[in-house]
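Each remark here refers to the structure printed beneath this line.
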2 protein chains.
Amino acid sequence: MQKTFKNEKILFAEPLFQCDGLAGFTRSELYENAIHRTLRINQLKKEHNWTQEDFDIAIRCLNYEVGFVIHLSMFIPAIERLATDDQKAKWLPLAESYRILGTYAQTELGHGTNLMALETTATFDPRTDEFVLRTPQLSSMKWWPGSLGKTATHAIVLAQLIIGNKNYGMNPFMVQLRSLEDHMPLPGIIVGDIGAKLGANSNDNGFLILNDVRIPRENMLARNSKVTKDGRYIQTSTNKANYATMVLVRLSIIRWAEDTIKNGSLIAIRYSAVRRQSSLQAGGPEMQVLDYQTQQYKIFPSLAASYALFFTYEAMMKEYEIAYAQIMRGNNQLLGQIHGQLSGLKAFASDLVTYELEMCRRSCGGHGYLKASVVGETLLHTLPLVTVEGDNTVMYLQCARYLLKQIAKALAGQDVDEPTSYLKKDILSYTCPVQKGEHCTNPNYLLKIYTQRAHSAIASVARQLQFDLESGKDQSSAFNNNLVSLVQAAKAHCQLCLMKNFVESVSALERTCSENLASVLRQLCLYFGLHGIVTASGEFLESEAIGLQQLEWIKAEELKSLAAIRPNAVALVDAFDLHDQTVMSALGRYDGNAYQHLFEAAKREPMNQTQVPPAYYKYLRDLIKGQPLAKL
Amino acid sequence: MQKTFKNEKILFAEPLFQCDGLAGFTRSELYENAIHRTLRINQLKKEHNWTQEDFDIAIRCLNYEVGFVIHLSMFIPAIERLATDDQKAKWLPLAESYRILGTYAQTELGHGTNLMALETTATFDPRTDEFVLRTPQLSSMKWWPGSLGKTATHAIVLAQLIIGNKNYGMNPFMVQLRSLEDHMPLPGIIVGDIGAKLGANSNDNGFLILNDVRIPRENMLARNSKVTKDGRYIQTSTNKANYATMVLVRLSIIRWAEDTIKNGSLIAIRYSAVRRQSSLQAGGPEMQVLDYQTQQYKIFPSLAASYALFFTYEAMMKEYEIAYAQIMRGNNQLLGQIHGQLSGLKAFASDLVTYELEMCRRSCGGHGYLKASVVGETLLHTLPLVTVEGDNTVMYLQCARYLLKQIAKALAGQDVDEPTSYLKKDILSYTCPVQKGEHCTNPNYLLKIYTQRAHSAIASVARQLQFDLESGKDQSSAFNNNLVSLVQAAKAHCQLCLMKNFVESVSALERTCSENLASVLRQLCLYFGLHGIVTASGEFLESEAIGLQQLEWIKAEELKSLAAIRPNAVALVDAFDLHDQTVMSALGRYDGNAYQHLFEAAKREPMNQTQVPPAYYKYLRDLIKGQPLAKL
């Protein structure tokens with residue numbers, strides 16, 4: 001599925017990357033290991049003349065367990081898009097050669113979503129030609145930026161620009177945090193790690209307090225606006241590249257979600273083919289647990305989601321590239337569309353995989369709770385996706401606002417964007433697309449159901465909002481009373497997008513691949529469509545895209561398709577072409593020796609390095625020997 | 001809600017229990033700390049003459065972060081129910097005084113659910129009057145028992161009893177694992193910790209390999225069956241106390257689930273009242289996030305579930321006590337009922353809280369990913385509940401088998417058990433109980449909807465199974481083809497149980513409490529009922545317990561009830577009466593200083609104990625100074 005990485009052998013020949021799992025590592029060890037890894041990949045890149053794409057694939061091969069992520073993915077790109085040419089000439093070579101290490105400091109302890117309310121200020125002091133940066137209270141400290149705690153020497157700090165008594169809004173400032181001589185924080189700067197997280201503990205996400213830190217005027221990144229020596233604020237550009245980058249980060253989260261659910265479904269399916277437990281025939285041989293209908297029902301949604309997200313990422317990347325090229329030419333026409341789509345899809349993809357990964361974990365029974373199984377660890381690393389780069393609820397609402405605009409246009413007879421073109425149809429003209437049981441075996445019929453349901457959800461909340469406003473509710477309570485429905489409408493649209501991308505991609509592939517392969521993919525696509533309807537069946541019934549009879553057909557067909565997928569399930573995850581060292585799971589190894597690998601992992605547990613634990617000498621010995629214990 | 005623990009002051013006056021969180025602890029430290037805590041509580045018990053109930057409440061006050069859990073909850077009770085009086089006289093005093101430390105070793109690496117297929121053998125050797133215990137292959141090693149890794153000196157090992165060439169099935173054997181002199185494993189015994197888990201890392205869950213370990217014949221726990229000196233197997237009792245204890249453990253999981261969701265909803269609600277973010281009015285002041293409809297929609301299900309599980313636990317405990325008293329008198333009439341109910345409810349309660357805890361975590365935004373928030377840690381400690389003591393899928397199927405028996409009886413005109421008495425009604429005689437919108441504001445009407453839906457789900461799968469069998473399918477594939485529907489039928493019954501317990505408990509309370517309190521509880525109960533229907537609306541529509549019109553009313557009423565609960569939300573979690581030291585969350589403190597507590601927690605992070613991390617001297621210094629790095 002993913003092009004085999006030709007340099008995988010080179011990568012995994014390195015002792016550093018022949019890792020047996022990081023379960024026993026302290027945070028400091030995880031942190032050091034991640035830095036070590038990145039520096040070594042940089043060396044490999046030089047030694048073997050890897051391209052940037054090779055480098056990026058190598059990082060995926062290491063399951064993102066690397067350092068300097070924010071330096072590479074946000075600090076350098078932010079300089080590229082926010083700095084003037086002079087500033088770029090100064091900062092980029094330093095950043096690219098790791099002579100300075102950076103982070104992007106936006107979120108504060110008290111504010112994430114509402115950027116306009118960030119409290120950090122950068123006040124211009126014309127006497128010294130400097131900005132004075134200040135986090136005025138506890139809630140204003142920067143909090144969360146990756147690499148901020150212990151690594152970064154510099155940060156691009158987002159702050160309210162104050163000139164005189166006037167606030168000119170959020171602007172980016174380059175602030176040096178630590179001495180380049182000895183790495184000590186500079187005067188006025190209090191910086192540190194925000195503490196242990198549920199996962200991602202190799203990253204030193206940090207906090208930053210700025211106590212009147214002075215930086216020269218030229219440290220304001222001034223591609224879009226600048227401050228003159230005499231304190232005038234001048235907007236020099238309305239380039240939307242910054243938005244485009246934000247959108248790109250959301251797209252990369254879809255890719256991340258795809259990668260994690262591939263890991264999860266691979267582990268769950270391979271292990272379920274190894275594990276045998278019970279039998280449905282009295283005295284019969286124990287069954288592979290993958291043969292139980294309930295087990296298939298638990299795991300196959302993840303398998304289908306892996307492919308749906310793969311196809312969706314590919315399709316959205318193409319859309320993004322077209323939009324980005326336009327934006328770079330000063331044409332922002334596609335910005336609203338790509339922003340609306342990717343806000344929703346970021347949320348939908350991360351919601352989907354966090355839910356399904358937990359199902360994968362459960363499908364591994366008790367062993368799924370062991371770190372060595374990695375399926376749970378994958379879940380922990382994935383959990384932040386639902387809140388980073390815009391909380392999912394806020395993301396759905398951004399998508400919903402876009403959909404409301406589109407349906408308003410459609411109702412006014414104006415053109416709408418291509419992804420929402422279905423809103424132009426007259427909603428009353430729909431009839432249930434599935435009239436016979438066999439229609440439920442055709443993904444194209446299911447796609448029509450998804451379309452009708454999305455249209456109905458969007459139209460219904462638009463109508464309700466209008467009704468509430470017309471009946472005299474003020475805008476804020478009208479909105480608040482419809483937030484849940486707005487989220488549901490956005491979800492309906494996103495689910496349609498995934499189904500559409502799956503159906504269209506399989507159709508396109510059919511022209512080039514073997515009929516055997518095509519029929520396996522069609523089956524998986526059908527299952528994805530059936531399962532999605534069943535899991536939200538109430539909403540589909542409500543939309544009248546289906547009735548009770550159709551639901552009965554669809555449910556029966558869903559169960560049938562579980563059995564149809566079963567023979568190809570292992571091959572469908574083998575096709576992800578993931579190296580054992582990438583997945584690092586004792587349960588999900590290619591060789592199927594799950595129990596052996598679990599035992600090997602247990603032997604490495606630090607607590608097993610002595611037969612008798614230190615706690616014995618401290619507490620247990622006296623207890624067992626009946627000696628009275630001192631007051632503890 | 002929970003009787004204030006009168007000894008809470010004594011407990012939390014102890015420096016040991018004034019804990020600022022365990023985020024920085026290694027596994028060994030967590031392990032030692034848990035042992036230390038339990039020993040200290042034992043001392044407090046003696047010093048202050050605590051009852052056993054006081055001791056148990058103290059453990060809940062410490063959020064179960066204690067040691068010797070299996071020793072107390074399984075090893076000692078197993079001796080009580082499985083040993084003869086002579087054996088009890090020998091082992092109980094030793095165990096109760098901690099002169100021996102025990103565990104209960106049943107689950108193996110390759111087998112959990114299917115106990116009959118456990119592979120460990122205990123072969124009687126009449127020449128020496130001993131049993132020879134053996135784990136014949138890798139998959140046979142005992143794996144998971146708590147305290148087995150490093151603590152236990154003894155284990156009750158479940159093994160297939162072999163006499164001559166005949167297998168007499170699973171029996172319990174007392175096996176000494178470690179020397180009482182120096183705690184070293186005895187000959188033939190290989191024992192250790194199974195490695196890091198996603199949570200519960202203070203527990204040394206262990207593995208155990210038995211290489212022909214010999215124990216005297218009298219170490220077979222022989223309350224129910226024994227082996228004579230000349231190798232005859234004699235069953236001496238058919239007492240079902242062992243089953244009753246298994247059932248009690250499932251009941252205790254419901255209590256555990258209740259405790260964790262109380263923690264989660266308390267953290268989420270208190271923090272959401274502190275956090276302010278954005279506004280729905282342009283330029284308006286930032287709103288408490290708890291005022292957003294979407295935030296209420298995320299958290300109030302947890303609040304309602306906390307109360308539903310509290311009432312359900314109380315009701316089921318009463319049923320259990322009646323059943324247990326009967327069983328002790330040799331009357332097993334209620335065993336099937338209590339087993340069927342609690343199998344399902346164990347699964348339903350743990351499913352419900354693991355789902356809702358993740359929603360609580362998300363409602364805390366990014367900060368929910370920090371260990372210091374504790375909401376995520378609570379989730380991690382709760383995740384094993386869905387697989388321990390019977391995987392939830394298997395639990396639902398046990399409940400479903402019970403329901404199938406009951407509906408068969410009902411159809412045959414026989415008596416059915418009280419909790420399934422609704423199955424006696426003629427299913428065709430149902431009409432939708434809700435005929436007007438205002439009926440949806442009455443929990444009793446909703447209860448009728450739940451009843452009709454459960455009846456429909458059970459009747460439908462029973463019919464389908466019978467149809468499949470009559471059309472010639474063999475039993476095993478007929479069952480396999482209906483597993484998903486069987487699980488759904490069990491869930492429907494369990495959801496009805498929760499709703500019924502909630503409604504009945506509130507009705508009972510109304511007679512004694514103030515009208516103000518009663519109306520708040522009725523509101524929460526109504527919301528629980530409405531929300532449950534909406535989340536499974538497709539299934540309710542399918543059962544024809546409601547139609548589209550009713551669903552529309554119910555959804556509107558659900559949203560209204562969010563707003564109605566809002567003013568009482570903080571009081572409803574304050575009512576849990578949980579001490580800050582019990583919850584240990586930076587976000588959920590009673591004082592509301594979430595940001596201050598988060599920052600204090602960050603300062604304690606071990607990585608913050610030096611300004612410059614060791615990795616600087618190892619890697620970063622040369623990098624930043626542009627020195628060439630050696631091959632890494």
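Ordering of the structure tokens sets the chain letters (A, B, ...); residue numbers start at 1 within each chain; ligands are numbered from 1 in the order shown.
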
Got a sec: who's within 10 Å of B:Leu158, counting only C-alpha atoms, leaving out chain neighbours fewer than 3 positions off, as a ChimeraX atom specification?
-> /B:104-108,115,118-122,142,155,161,169-174,220

Saved selection, atoms kept: N, CA and C atoms, as a short mmCIF file (atom, residue, chain, number, x, y, z; two decimals), in the first residue's frame:
data_model
loop_
_atom_site.label_atom_id
_atom_site.label_comp_id
_atom_site.auth_asym_id
_atom_site.auth_seq_id
_atom_site.Cartn_x
_atom_site.Cartn_y
_atom_site.Cartn_z
N TYR B 104 -3.58 -15.73 43.12
CA TYR B 104 -4.50 -16.73 42.59
C TYR B 104 -4.14 -16.92 41.12
N ALA B 105 -3.52 -18.06 40.81
CA ALA B 105 -2.90 -18.22 39.49
C ALA B 105 -3.74 -19.12 38.59
N GLN B 106 -4.56 -18.48 37.80
CA GLN B 106 -5.47 -19.21 36.91
C GLN B 106 -5.12 -18.97 35.45
N THR B 107 -5.21 -17.71 35.02
CA THR B 107 -4.99 -17.36 33.62
C THR B 107 -3.59 -17.76 33.14
N GLU B 108 -3.52 -18.22 31.90
CA GLU B 108 -2.23 -18.57 31.31
C GLU B 108 -1.94 -17.68 30.11
N LEU B 115 -11.48 -21.59 30.44
CA LEU B 115 -10.80 -22.21 31.58
C LEU B 115 -10.58 -23.70 31.39
N LEU B 118 -7.16 -24.74 30.03
CA LEU B 118 -5.89 -24.41 30.70
C LEU B 118 -4.96 -25.62 30.62
N GLU B 119 -3.69 -25.37 30.49
CA GLU B 119 -2.76 -26.45 30.16
C GLU B 119 -1.91 -26.94 31.33
N THR B 120 -1.86 -26.16 32.41
CA THR B 120 -1.05 -26.56 33.57
C THR B 120 -1.61 -27.86 34.16
N THR B 121 -0.71 -28.78 34.47
CA THR B 121 -1.16 -30.06 35.01
C THR B 121 -0.62 -30.27 36.43
N ALA B 122 -1.42 -31.01 37.20
CA ALA B 122 -0.99 -31.46 38.54
C ALA B 122 -1.19 -32.97 38.52
N LYS B 142 1.60 -19.50 33.70
CA LYS B 142 0.63 -18.59 34.30
C LYS B 142 1.07 -17.17 33.96
N ALA B 155 1.00 -19.38 45.83
CA ALA B 155 -0.06 -19.18 44.86
C ALA B 155 -1.05 -20.33 44.95
N LEU B 161 -6.12 -31.78 37.02
CA LEU B 161 -5.70 -32.88 37.90
C LEU B 161 -5.60 -34.17 37.09
N GLY B 169 -10.00 -32.74 35.49
CA GLY B 169 -10.41 -31.34 35.34
C GLY B 169 -9.70 -30.41 36.31
N MET B 170 -10.15 -29.15 36.25
CA MET B 170 -9.51 -28.07 37.00
C MET B 170 -9.68 -28.20 38.49
N ASN B 171 -8.56 -28.12 39.21
CA ASN B 171 -8.61 -28.13 40.67
C ASN B 171 -7.57 -27.14 41.20
N PRO B 172 -7.79 -26.68 42.44
CA PRO B 172 -6.89 -25.68 43.03
C PRO B 172 -5.82 -26.31 43.94
N PHE B 173 -4.59 -25.83 43.79
CA PHE B 173 -3.46 -26.37 44.56
C PHE B 173 -2.68 -25.22 45.21
N MET B 174 -2.32 -25.42 46.46
CA MET B 174 -1.50 -24.42 47.15
C MET B 174 -0.04 -24.73 46.86
N MET B 220 -3.64 -29.93 47.86
CA MET B 220 -4.82 -29.71 47.00
C MET B 220 -5.94 -29.18 47.90
#

Could you write out as a PyMOL selection string the residues of chain B within 6 Å of chain A, counting only C-alpha atoms?
-> chain B and resi 32+40+99+114+192+194-198+278+280-281+293-294+365-366+369-371+387+476+480+483-484+537-538+602+605+608+615+624+632

Could those residues be written to a file, using N, CA, C and O atoms, as a compact mmCIF listing (two decimals), in the first residue's frame?
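Now in result-v4.txt:
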# COMPACT_ATOMS: atom_id res chain seq x y z
N GLU B 32 6.82 -0.19 45.36
CA GLU B 32 7.18 -0.01 46.77
C GLU B 32 6.19 0.89 47.49
O GLU B 32 5.80 0.63 48.63
N ARG B 40 0.91 0.74 55.99
CA ARG B 40 0.56 1.87 56.87
C ARG B 40 -0.93 1.88 57.19
O ARG B 40 -1.33 2.17 58.31
N ARG B 99 2.14 -13.55 56.97
CA ARG B 99 3.34 -14.37 57.10
C ARG B 99 3.60 -15.12 55.80
O ARG B 99 4.71 -15.56 55.52
N ASN B 114 -11.27 -19.43 28.21
CA ASN B 114 -11.67 -20.84 28.16
C ASN B 114 -10.94 -21.64 29.23
O ASN B 114 -9.92 -22.30 28.98
N GLY B 192 8.36 -14.08 37.53
CA GLY B 192 8.79 -12.72 37.28
C GLY B 192 7.62 -11.84 36.91
O GLY B 192 6.47 -12.30 36.83
N ILE B 194 5.41 -9.43 34.36
CA ILE B 194 5.11 -9.54 32.92
C ILE B 194 5.42 -8.26 32.14
O ILE B 194 5.22 -8.21 30.93
N GLY B 195 5.92 -7.23 32.82
CA GLY B 195 6.33 -6.03 32.09
C GLY B 195 5.34 -4.89 32.24
O GLY B 195 4.23 -5.06 32.76
N ALA B 196 5.75 -3.73 31.75
CA ALA B 196 4.96 -2.52 31.93
C ALA B 196 3.62 -2.62 31.23
O ALA B 196 3.49 -3.22 30.16
N LYS B 197 2.62 -2.03 31.86
CA LYS B 197 1.26 -1.98 31.31
C LYS B 197 0.88 -0.52 31.07
O LYS B 197 1.61 0.39 31.43
N LEU B 198 -0.29 -0.32 30.48
CA LEU B 198 -0.73 1.05 30.23
C LEU B 198 -1.03 1.78 31.54
O LEU B 198 -1.00 3.00 31.60
N SER B 278 -13.41 31.61 24.36
CA SER B 278 -14.23 32.14 23.26
C SER B 278 -15.58 32.65 23.74
O SER B 278 -15.87 32.66 24.93
N LEU B 280 -19.80 33.25 22.03
CA LEU B 280 -20.66 33.13 20.86
C LEU B 280 -21.17 34.49 20.40
O LEU B 280 -21.79 34.62 19.35
N GLN B 281 -20.89 35.52 21.23
CA GLN B 281 -21.24 36.89 20.83
C GLN B 281 -19.97 37.59 20.41
O GLN B 281 -18.98 37.56 21.16
N GLN B 293 -23.23 24.11 24.72
CA GLN B 293 -24.06 22.91 24.58
C GLN B 293 -23.22 21.68 24.25
O GLN B 293 -23.45 20.59 24.78
N THR B 294 -22.23 21.87 23.37
CA THR B 294 -21.39 20.72 22.99
C THR B 294 -20.59 20.18 24.17
O THR B 294 -20.35 18.97 24.26
N GLY B 365 -9.75 19.33 26.99
CA GLY B 365 -8.87 19.85 25.94
C GLY B 365 -7.50 19.22 26.02
O GLY B 365 -7.34 18.10 26.52
N GLY B 366 -6.50 19.94 25.55
CA GLY B 366 -5.13 19.41 25.57
C GLY B 366 -4.68 19.02 26.97
O GLY B 366 -3.98 18.01 27.14
N TYR B 369 -4.50 15.53 28.43
CA TYR B 369 -3.45 14.57 28.04
C TYR B 369 -2.30 14.56 29.06
O TYR B 369 -1.45 13.68 29.03
N LEU B 370 -2.29 15.55 29.95
CA LEU B 370 -1.25 15.60 30.98
C LEU B 370 -1.57 14.62 32.10
O LEU B 370 -2.71 14.54 32.55
N LYS B 371 -0.56 13.91 32.56
CA LYS B 371 -0.81 13.00 33.68
C LYS B 371 -1.35 13.75 34.89
O LYS B 371 -2.16 13.21 35.64
N THR B 387 -11.59 -6.28 30.01
CA THR B 387 -11.11 -7.63 29.70
C THR B 387 -10.93 -8.52 30.93
O THR B 387 -11.02 -9.73 30.80
N SER B 476 -23.07 -24.68 15.73
CA SER B 476 -21.96 -23.74 15.89
C SER B 476 -22.04 -22.60 14.87
O SER B 476 -21.84 -21.44 15.21
N ASN B 480 -22.56 -18.71 15.65
CA ASN B 480 -21.57 -17.73 15.19
C ASN B 480 -22.22 -16.63 14.35
O ASN B 480 -21.85 -15.47 14.44
N LEU B 483 -23.80 -14.03 16.80
CA LEU B 483 -23.08 -13.53 17.98
C LEU B 483 -23.26 -12.02 18.17
O LEU B 483 -23.49 -11.54 19.28
N VAL B 484 -23.15 -11.29 17.07
CA VAL B 484 -23.27 -9.83 17.18
C VAL B 484 -24.65 -9.45 17.70
O VAL B 484 -24.79 -8.60 18.60
N SER B 537 -30.24 5.26 18.90
CA SER B 537 -31.56 5.54 18.34
C SER B 537 -31.96 4.57 17.24
O SER B 537 -33.12 4.22 17.11
N GLY B 538 -30.97 4.13 16.46
CA GLY B 538 -31.28 3.19 15.39
C GLY B 538 -31.90 1.91 15.94
O GLY B 538 -32.89 1.40 15.39
N ALA B 602 4.04 20.64 37.08
CA ALA B 602 5.13 20.70 36.09
C ALA B 602 6.46 20.92 36.79
O ALA B 602 7.48 20.34 36.41
N GLU B 605 8.26 17.83 37.79
CA GLU B 605 8.74 16.92 36.74
C GLU B 605 10.25 16.71 36.90
O GLU B 605 11.02 17.68 36.96
N ASN B 608 12.79 18.71 35.06
CA ASN B 608 12.98 20.12 35.42
C ASN B 608 13.93 20.31 36.59
O ASN B 608 14.13 21.45 37.03
N ALA B 615 21.22 15.54 27.93
CA ALA B 615 21.32 15.37 26.48
C ALA B 615 22.06 16.53 25.81
O ALA B 615 22.61 16.38 24.72
N ILE B 624 24.83 22.50 18.26
CA ILE B 624 24.58 23.95 18.24
C ILE B 624 25.87 24.71 17.92
O ILE B 624 25.85 25.72 17.21
N LEU B 632 26.92 8.27 15.24
CA LEU B 632 26.11 8.07 16.45
C LEU B 632 25.56 6.65 16.53
O LEU B 632 25.24 6.07 15.52

Could you write out, as a PyMOL selection string, all the residues of stretch 304-425 of chain B that DSSP marks as alpha helix (DSSP H)?
-> chain B and resi 304-328+335-363+375-382+392-411

Who sits within 12 Å of stretch 320-337 of chain B, only C-alpha atoms, same chain under 2 positions skipped, as number ranges by chain | B: 81, 237-252, 312-318, 339-344, 398-403, 405-406, 416-421

Please identify all polymer residues within 12 Å of B:Ala564, counting only C-alpha atoms, omitting same-chain residues fewer than 2 positions from it, and present them as a VMD selection string.
-> chain B and resid 291 293 296 300 519 to 524 526 to 527 557 to 562 566 to 569

Residue selection dump (N, CA and C atoms) as a CSV table (one decimal), in the first residue's frame:
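The result, written out as result_32.csv:
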chain,number,residue,atom,x,y,z
B,291,ASP,N,-20.7,26.2,29.7
B,291,ASP,CA,-22.0,26.7,29.2
B,291,ASP,C,-22.2,26.4,27.7
B,293,GLN,N,-23.2,24.1,24.7
B,293,GLN,CA,-24.1,22.9,24.6
B,293,GLN,C,-23.2,21.7,24.3
B,296,GLN,N,-21.5,20.3,27.4
B,296,GLN,CA,-22.5,19.6,28.2
B,296,GLN,C,-22.8,18.2,27.6
B,300,PHE,N,-22.1,15.5,30.5
B,300,PHE,CA,-23.3,15.1,31.3
B,300,PHE,C,-23.6,13.7,31.2
B,519,SER,N,-36.2,16.8,42.6
B,519,SER,CA,-36.4,17.3,41.3
B,519,SER,C,-35.1,17.3,40.5
B,520,VAL,N,-34.0,17.6,41.2
B,520,VAL,CA,-32.7,17.5,40.5
B,520,VAL,C,-32.4,16.1,40.1
B,521,LEU,N,-32.6,15.1,41.0
B,521,LEU,CA,-32.4,13.7,40.6
B,521,LEU,C,-33.3,13.2,39.5
B,522,ARG,N,-34.5,13.6,39.6
B,522,ARG,CA,-35.5,13.2,38.5
B,522,ARG,C,-35.0,13.8,37.2
B,523,GLN,N,-34.5,15.0,37.2
B,523,GLN,CA,-34.0,15.6,36.0
B,523,GLN,C,-32.8,14.8,35.4
B,524,LEU,N,-31.9,14.4,36.3
B,524,LEU,CA,-30.7,13.7,35.9
B,524,LEU,C,-31.1,12.3,35.3
B,526,LEU,N,-34.1,11.5,34.1
B,526,LEU,CA,-34.7,11.8,32.8
B,526,LEU,C,-33.7,11.9,31.7
B,527,TYR,N,-32.7,12.7,32.0
B,527,TYR,CA,-31.6,12.9,31.0
B,527,TYR,C,-30.9,11.6,30.6
B,557,GLU,N,-35.9,17.1,23.7
B,557,GLU,CA,-36.0,17.1,25.2
B,557,GLU,C,-34.6,16.8,25.8
B,558,GLU,N,-33.8,16.0,25.1
B,558,GLU,CA,-32.4,15.8,25.6
B,558,GLU,C,-31.6,17.1,25.6
B,559,LEU,N,-31.7,17.8,24.6
B,559,LEU,CA,-31.0,19.1,24.5
B,559,LEU,C,-31.5,20.1,25.6
B,560,LYS,N,-32.8,20.1,25.8
B,560,LYS,CA,-33.4,21.0,26.8
B,560,LYS,C,-32.8,20.5,28.2
B,561,SER,N,-32.7,19.2,28.4
B,561,SER,CA,-32.4,18.8,29.7
B,561,SER,C,-30.9,19.1,30.0
B,562,LEU,N,-30.1,19.3,29.0
B,562,LEU,CA,-28.7,19.7,29.2
B,562,LEU,C,-28.7,21.1,30.0
B,566,ARG,N,-27.4,22.0,33.9
B,566,ARG,CA,-26.2,22.9,34.0
B,566,ARG,C,-26.1,23.6,35.4
B,567,PRO,N,-27.2,24.2,35.9
B,567,PRO,CA,-27.0,25.0,37.1
B,567,PRO,C,-26.6,24.1,38.3
B,568,ASN,N,-27.0,22.8,38.2
B,568,ASN,CA,-26.7,21.9,39.3
B,568,ASN,C,-25.5,21.0,39.1
B,569,ALA,N,-24.8,21.2,38.0
B,569,ALA,CA,-23.8,20.2,37.6
B,569,ALA,C,-22.6,20.2,38.6

Looking only at the backbone, which of the residues in stretch 130-214 of chain B does DSSP tag as strand (DSSP E or B), as a PyMOL selection string?
-> chain B and resi 130-134+142-143+154-163+166-176+178+185+189-193+197+206-210+213-214

Write out as a VMD selection string each polymer residue whose atoms come within 9 Å of stretch 446-452 of chain B, counting only C-alpha atoms; drop sequence neighbours fewer than 4 positions from it.
-> chain B and resid 422 427 430 to 434 439 to 442 456 to 457 492 to 493 495 to 496 499 to 500 503 526 529 to 530 533 540 543 to 546
